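Taking it in order: structure first as structure tokens, then the write-up.
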Amino acid sequence: MKPHLQTVVAAPVTDALGRPLRDLRISVMETCNYRCPYCMPEGSLDEAALGARQRLDFADIAQIAKAFVAQGVRKIRLTGGEPLLRRNLPELIALLTQIDGLEDLALTTNGSLLAAQAASLRQAGLDRITVSVDALEDALFRRMSGGRGSLSQVLEGISAAERAGFSPIKINCVVQRGVNESQILPLFEFFRNRGHILRFIEYMDVGSCNGWRSADVVPAAEILARLQSAYELTPLAPTAAGEVAARYGVAGGGEVGFITSVSSPFCGDCNRARLSVDGKLFTCLFAGAGFDLKPHLRSPEKLASEIVALWRHRTDRYSEIRHAADVRKKIEMYFIGG
Ligand code: SAM
Ligand code: SF4
Ligand code: SF4
């Protein structure tokens, strides 16, 4: 641990609904080399793409992260867009690992560039990795990546992550009605056999560009029932407050998780802040706007007081009030990260 990034670890600041600030997601890249129709359909990025100069640099990200840790954050996840498109990402990881009080540093990636980067990410100090895989059939995988992805490349990336020492690896799968339900059992079997943890994510109405319809959501209960037709699953207790996945142990070994944001929202425990690539704090995945932290970068005191004030005023609980919520323009998922 390097002294210059040491910070005083305080009790977490709590929001207006009593929820502590514990988790920070940092988007390091708003662009992506995939065009998953549920996230960034072809054509949607044009209006959102930023120039490199609008992205926070690594020193600024580390400064903001340190300020968040001082207010209670214990876990940071790097995301995007596709985070592995950000050049020299291990340098940022090395900076973040120096923050006193940070307990867990993770990354979510589509895996396409992981084969070449897994070892350097690990060496820099990354603790955990999550890779998104929606299908195990080449053609379907490609379709779900907007015609851009290669399943074999992603599986090579996962193998490289295994060799680099990431274990277990989490695998995210978004299930869409009429698209990839056929993949539920094959994905589960494949990753269980490799000792990894699959998490099924309900298709969410994040952003505005994916044309979300409730009819396209496959509720977690239905996915669970499919798995239970072949396996004995037992609910597991949460390992930490604010854990988003409902976890199940599998008889004979293994674990599977469900992220039930649509069918069973978990806003009551949501301890998560999001930092966009251009330095805005979003207090909810479904927020219409963020709060710009960049003006406070030169004053650590002002940065800290802004974070505290913004979190104390937080009342977001979109998923619980989805049908009554009056959110006209929501930020896109790829802009603030899942
Ligand atoms: N590009 C990386 C990836 O795909 O893993 C990181 C960013 S991506 C926005 C993070 C996660 O959000 C991925 O697992 C992705 O499948 C998920 N995601 C994107 N859009 C979603 C949606 N509309 N509903 C549910 N999950 C979504
Ligand atoms: Fe890119 Fe990830 Fe969104 Fe797919 S889910 S378009 S890989 S950011
Ligand atoms: Fe948290 Fe907003 Fe999702 Fe609710 S809807 S769990 S407040 S990010």
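Identifiers in this document derive from the order of the structure tokens: chains are assigned A, B, ..., residues are numbered from 1 separately in each chain, and ligands are numbered from 1 in order of occurrence.
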
Chain A residues near ligand 1 within 7 Å, closest pair each, using only C-alpha atoms and all ligand atoms, as a Markdown table:
| residue | atom | partner | partner_atom_place_in_ligand_line | distance |
| --- | --- | --- | --- | --- |
| A:Cys32 | CA | ligand 1 | 1 (N) | 6.6 |
| A:Tyr38 | CA | ligand 1 | 23 (N) | 4.8 |
| A:Cys39 | CA | ligand 1 | 20 (N) | 4.0 |
| A:Thr79 | CA | ligand 1 | 6 (C) | 4.9 |
| A:Gly80 | CA | ligand 1 | 7 (C) | 4.4 |
| A:Gly81 | CA | ligand 1 | 1 (N) | 4.8 |
| A:Glu82 | CA | ligand 1 | 1 (N) | 4.0 |
| A:Pro83 | CA | ligand 1 | 6 (C) | 6.6 |
| A:Thr108 | CA | ligand 1 | 5 (O) | 4.8 |
| A:Thr109 | CA | ligand 1 | 5 (O) | 3.8 |
| A:Asn110 | CA | ligand 1 | 3 (C) | 4.0 |
| A:Val131 | CA | ligand 1 | 5 (O) | 5.6 |
| A:Ser132 | CA | ligand 1 | 5 (O) | 4.5 |
| A:Asn172 | CA | ligand 1 | 14 (O) | 4.9 |
| A:Cys173 | CA | ligand 1 | 16 (O) | 6.0 |
| A:Val174 | CA | ligand 1 | 16 (O) | 5.3 |
| A:Ile201 | CA | ligand 1 | 25 (C) | 5.7 |
| A:Glu202 | CA | ligand 1 | 25 (C) | 5.7 |
| A:Tyr203 | CA | ligand 1 | 24 (N) | 3.9 |
| A:Met204 | CA | ligand 1 | 24 (N) | 3.7 |
| A:Asp205 | CA | ligand 1 | 23 (N) | 5.7 |
| A:Val206 | CA | ligand 1 | 23 (N) | 5.2 |
| A:Met333 | CA | ligand 1 | 9 (C) | 5.1 |
| A:Tyr334 | CA | ligand 1 | 9 (C) | 4.6 |
| A:Gly337 | CA | ligand 1 | 9 (C) | 4.6 |
| A:Gly338 | CA | ligand 1 | 10 (C) | 3.9 |

- Message: Please return, as a ChimeraX atom specification, all residues of range 22-252 of chain A that DSSP assigns to helix (DSSP H, G or I) on the basis of the backbone.
- Response: /A:45-47,52-54,58-70,83-85,89-96,114-124,138-144,151-164,181-193,214-216,220-228

Neighbouring residues of ligand 3 are defined here as those with any atom at most 10 Å from a ligand atom, counting only C-alpha atoms and all ligand atoms; list them as an mmCIF file with N, CA, C and O atoms, in the first residue's frame.
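selection-v2.cif written:
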data_model
loop_
_atom_site.group_PDB
_atom_site.id
_atom_site.type_symbol
_atom_site.label_atom_id
_atom_site.label_comp_id
_atom_site.auth_asym_id
_atom_site.auth_seq_id
_atom_site.Cartn_x
_atom_site.Cartn_y
_atom_site.Cartn_z
ATOM 1 N N ARG A 19 -29.827 3.727 3.279
ATOM 2 C CA ARG A 19 -28.946 2.752 2.608
ATOM 3 C C ARG A 19 -27.507 3.267 2.577
ATOM 4 O O ARG A 19 -27.245 4.383 2.118
ATOM 5 N N MET A 204 -33.549 -6.001 -18.550
ATOM 6 C CA MET A 204 -34.043 -4.792 -17.872
ATOM 7 C C MET A 204 -34.343 -3.668 -18.848
ATOM 8 O O MET A 204 -33.737 -3.562 -19.911
ATOM 9 N N VAL A 206 -33.344 -0.758 -19.010
ATOM 10 C CA VAL A 206 -32.337 0.295 -18.837
ATOM 11 C C VAL A 206 -32.296 1.116 -20.122
ATOM 12 O O VAL A 206 -32.441 0.567 -21.217
ATOM 13 N N GLY A 242 -26.664 -6.028 0.629
ATOM 14 C CA GLY A 242 -26.684 -5.368 -0.673
ATOM 15 C C GLY A 242 -26.307 -6.287 -1.816
ATOM 16 O O GLY A 242 -26.178 -5.843 -2.948
ATOM 17 N N VAL A 244 -26.703 -8.422 -4.878
ATOM 18 C CA VAL A 244 -27.829 -8.324 -5.802
ATOM 19 C C VAL A 244 -28.323 -9.682 -6.292
ATOM 20 O O VAL A 244 -29.486 -9.821 -6.661
ATOM 21 N N THR A 260 -32.736 -10.386 -10.228
ATOM 22 C CA THR A 260 -34.181 -10.334 -10.450
ATOM 23 C C THR A 260 -34.698 -8.899 -10.459
ATOM 24 O O THR A 260 -35.740 -8.613 -9.870
ATOM 25 N N SER A 261 -33.981 -8.000 -11.103
ATOM 26 C CA SER A 261 -34.317 -6.566 -11.019
ATOM 27 C C SER A 261 -35.743 -6.262 -11.462
ATOM 28 O O SER A 261 -36.309 -5.275 -11.041
ATOM 29 N N VAL A 262 -36.308 -7.095 -12.337
ATOM 30 C CA VAL A 262 -37.652 -6.794 -12.837
ATOM 31 C C VAL A 262 -38.710 -7.513 -11.990
ATOM 32 O O VAL A 262 -39.658 -6.892 -11.508
ATOM 33 N N PRO A 265 -37.555 -6.621 -7.349
ATOM 34 C CA PRO A 265 -36.544 -5.572 -7.219
ATOM 35 C C PRO A 265 -35.879 -5.568 -5.839
ATOM 36 O O PRO A 265 -36.476 -5.981 -4.842
ATOM 37 N N PHE A 266 -34.627 -5.082 -5.823
ATOM 38 C CA PHE A 266 -33.874 -5.086 -4.562
ATOM 39 C C PHE A 266 -33.401 -3.679 -4.202
ATOM 40 O O PHE A 266 -32.324 -3.496 -3.639
ATOM 41 N N CYS A 267 -34.213 -2.664 -4.526
ATOM 42 C CA CYS A 267 -33.824 -1.281 -4.241
ATOM 43 C C CYS A 267 -33.601 -1.046 -2.743
ATOM 44 O O CYS A 267 -32.779 -0.213 -2.356
ATOM 45 N N GLY A 268 -34.350 -1.760 -1.911
ATOM 46 C CA GLY A 268 -34.259 -1.535 -0.468
ATOM 47 C C GLY A 268 -32.862 -1.706 0.071
ATOM 48 O O GLY A 268 -32.498 -1.107 1.094
ATOM 49 N N ASP A 269 -32.043 -2.518 -0.605
ATOM 50 C CA ASP A 269 -30.666 -2.770 -0.155
ATOM 51 C C ASP A 269 -29.641 -2.131 -1.072
ATOM 52 O O ASP A 269 -28.455 -2.441 -0.969
ATOM 53 N N CYS A 270 -30.064 -1.290 -2.004
ATOM 54 C CA CYS A 270 -29.126 -0.846 -3.047
ATOM 55 C C CYS A 270 -28.104 0.158 -2.493
ATOM 56 O O CYS A 270 -28.449 1.283 -2.135
ATOM 57 N N ASN A 271 -26.876 -0.284 -2.440
ATOM 58 C CA ASN A 271 -25.807 0.521 -1.837
ATOM 59 C C ASN A 271 -24.798 0.971 -2.893
ATOM 60 O O ASN A 271 -23.634 1.177 -2.594
ATOM 61 N N ARG A 272 -25.248 1.138 -4.109
ATOM 62 C CA ARG A 272 -24.375 1.227 -5.260
ATOM 63 C C ARG A 272 -24.420 2.594 -5.935
ATOM 64 O O ARG A 272 -25.484 3.090 -6.297
ATOM 65 N N ALA A 273 -23.244 3.175 -6.115
ATOM 66 C CA ALA A 273 -23.127 4.423 -6.884
ATOM 67 C C ALA A 273 -22.432 4.107 -8.199
ATOM 68 O O ALA A 273 -21.708 3.122 -8.307
ATOM 69 N N ARG A 274 -22.663 4.954 -9.196
ATOM 70 C CA ARG A 274 -22.032 4.732 -10.508
ATOM 71 C C ARG A 274 -21.363 6.006 -10.971
ATOM 72 O O ARG A 274 -21.938 7.087 -10.880
ATOM 73 N N PHE A 282 -23.979 8.877 -10.846
ATOM 74 C CA PHE A 282 -25.370 8.458 -11.017
ATOM 75 C C PHE A 282 -25.735 7.637 -9.793
ATOM 76 O O PHE A 282 -25.030 6.695 -9.441
ATOM 77 N N THR A 283 -26.850 7.988 -9.164
ATOM 78 C CA THR A 283 -27.212 7.283 -7.932
ATOM 79 C C THR A 283 -28.191 6.135 -8.196
ATOM 80 O O THR A 283 -28.622 5.465 -7.268
ATOM 81 N N CYS A 284 -28.516 5.924 -9.482
ATOM 82 C CA CYS A 284 -29.394 4.799 -9.847
ATOM 83 C C CYS A 284 -29.134 4.445 -11.303
ATOM 84 O O CYS A 284 -28.849 5.319 -12.118
ATOM 85 N N LEU A 285 -29.250 3.167 -11.609
ATOM 86 C CA LEU A 285 -29.073 2.694 -12.981
ATOM 87 C C LEU A 285 -30.108 3.307 -13.919
ATOM 88 O O LEU A 285 -29.904 3.398 -15.124
ATOM 89 N N PHE A 286 -31.218 3.742 -13.357
ATOM 90 C CA PHE A 286 -32.308 4.265 -14.181
ATOM 91 C C PHE A 286 -32.412 5.788 -14.073
ATOM 92 O O PHE A 286 -33.449 6.358 -14.410
ATOM 93 N N ALA A 287 -31.366 6.418 -13.608
ATOM 94 C CA ALA A 287 -31.401 7.871 -13.445
ATOM 95 C C ALA A 287 -31.446 8.554 -14.810
ATOM 96 O O ALA A 287 -30.960 8.026 -15.804
ATOM 97 N N ARG A 314 -30.196 10.978 -1.657
ATOM 98 C CA ARG A 314 -30.632 9.936 -2.605
ATOM 99 C C ARG A 314 -31.929 9.252 -2.145
ATOM 100 O O ARG A 314 -32.029 8.756 -1.021
ATOM 101 N N THR A 315 -32.912 9.224 -3.062
ATOM 102 C CA THR A 315 -34.170 8.536 -2.760
ATOM 103 C C THR A 315 -34.518 7.513 -3.844
ATOM 104 O O THR A 315 -35.615 6.965 -3.853
ATOM 105 N N ASP A 316 -33.595 7.245 -4.778
ATOM 106 C CA ASP A 316 -33.898 6.389 -5.932
ATOM 107 C C ASP A 316 -34.391 5.002 -5.511
ATOM 108 O O ASP A 316 -33.820 4.375 -4.621
ATOM 109 N N ARG A 317 -35.423 4.544 -6.192
ATOM 110 C CA ARG A 317 -35.866 3.143 -6.062
ATOM 111 C C ARG A 317 -36.710 2.783 -7.288
ATOM 112 O O ARG A 317 -37.815 2.243 -7.190
ATOM 113 N N TYR A 318 -36.130 3.070 -8.434
ATOM 114 C CA TYR A 318 -36.851 2.937 -9.698
ATOM 115 C C TYR A 318 -37.515 1.576 -9.880
ATOM 116 O O TYR A 318 -38.689 1.478 -10.244
ATOM 117 N N SER A 319 -36.761 0.505 -9.623
ATOM 118 C CA SER A 319 -37.312 -0.824 -9.934
ATOM 119 C C SER A 319 -38.538 -1.150 -9.084
ATOM 120 O O SER A 319 -39.389 -1.928 -9.505
ATOM 121 N N GLU A 320 -38.609 -0.540 -7.906
ATOM 122 C CA GLU A 320 -39.773 -0.813 -7.046
ATOM 123 C C GLU A 320 -41.002 -0.029 -7.499
ATOM 124 O O GLU A 320 -42.123 -0.396 -7.168
ATOM 125 N N ILE A 321 -40.770 1.083 -8.216
ATOM 126 C CA ILE A 321 -41.912 1.925 -8.609
ATOM 127 C C ILE A 321 -42.006 2.041 -10.128
ATOM 128 O O ILE A 321 -42.619 2.972 -10.651
ATOM 129 N N ARG A 322 -41.355 1.047 -10.791
ATOM 130 C CA ARG A 322 -41.208 1.055 -12.254
ATOM 131 C C ARG A 322 -42.449 1.573 -12.992
ATOM 132 O O ARG A 322 -42.366 2.440 -13.841
ATOM 133 N N GLY A 338 -23.122 -1.776 -16.265
ATOM 134 C CA GLY A 338 -24.112 -2.617 -15.576
ATOM 135 C C GLY A 338 -23.628 -3.050 -14.220
ATOM 136 O O GLY A 338 -22.598 -2.639 -13.750
#

- Which residues come within 12 Å of Lys170 in chain A, counting only C-alpha atoms, excluding same-chain residues fewer than 4 positions away, as number ranges by chain? A: 106-111, 128-133, 158, 161-162, 166, 188, 191-192, 194-200, 245, 254-258

- Message: Measuring between only C-alpha atoms and all ligand atoms, which one of A:Ala124, A:Cys209, A:Leu56, A:Ala62 shows the shortest distance to ligand 2?
- Response: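 With only C-alpha atoms and all ligand atoms as the atom set, the closest residue is A:Cys209.
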
- Within 10 Å of Asp278 in chain A, counting only C-alpha atoms, which residues qualify if same-chain residues fewer than 4 places away don't, as number ranges by chain? A: 27-30, 50-57, 61, 292-294, 335-336

- From range 3-87 of chain A, collect each residue whose DSSP state is strand (DSSP E or B) and return the set as a PyMOL selection string. chain A and resi 14+20+23-29+75-80

- Proximity to ligand 2 - best of A:Thr97, A:Asn210, A:Ser120, A:Ser182, only C-alpha atoms and all ligand atoms: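 Closest to ligand 2, using only C-alpha atoms and all ligand atoms: A:Asn210.
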
- Residue neighbourhood Thr14 in chain A, 10 Å, only C-alpha atoms, exclusion window fewer than 3 positions, as a count of residues only: 15

- In terms of only C-alpha atoms and all ligand atoms, the residue from A:Glu137, A:Glu222, A:Glu301, A:Glu42 at minimal distance from ligand 2 is A:Glu42

- Item | Spatial neighbours of Ala119 in chain A, 9 Å, only C-alpha atoms, chain gap at least 2 places, as a VMD selection string | chain A and resid 114 to 117 121 to 124 160 to 161 163 to 165

Could the residues in this selection be saved with C-alpha atoms as a short mmCIF file (atom, residue, chain, number, x, y, z; two decimals), in the first residue's frame?
data_model
loop_
_atom_site.label_atom_id
_atom_site.label_comp_id
_atom_site.auth_asym_id
_atom_site.auth_seq_id
_atom_site.Cartn_x
_atom_site.Cartn_y
_atom_site.Cartn_z
CA LEU A 114 -9.47 -10.87 -22.41
CA ALA A 115 -7.10 -13.52 -23.79
CA ALA A 116 -4.36 -10.94 -24.31
CA GLN A 117 -5.03 -8.95 -21.13
CA LEU A 121 -4.94 -7.41 -15.20
CA ARG A 122 -4.20 -10.02 -12.56
CA GLN A 123 -0.62 -8.85 -12.09
CA ALA A 124 -1.84 -5.29 -11.59
CA ALA A 160 -6.63 -17.15 -20.07
CA ALA A 161 -8.34 -15.69 -16.99
CA ARG A 163 -4.60 -19.51 -16.09
CA ALA A 164 -3.96 -16.04 -14.68
CA GLY A 165 -5.50 -17.16 -11.38
#

- Item | Gap from CA of Ala65 in chain A to atom 3 (Fe, counted along the ligand's line) of ligand 2 - Å, one decimal |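 These atoms are spaced 23.1 Å apart.
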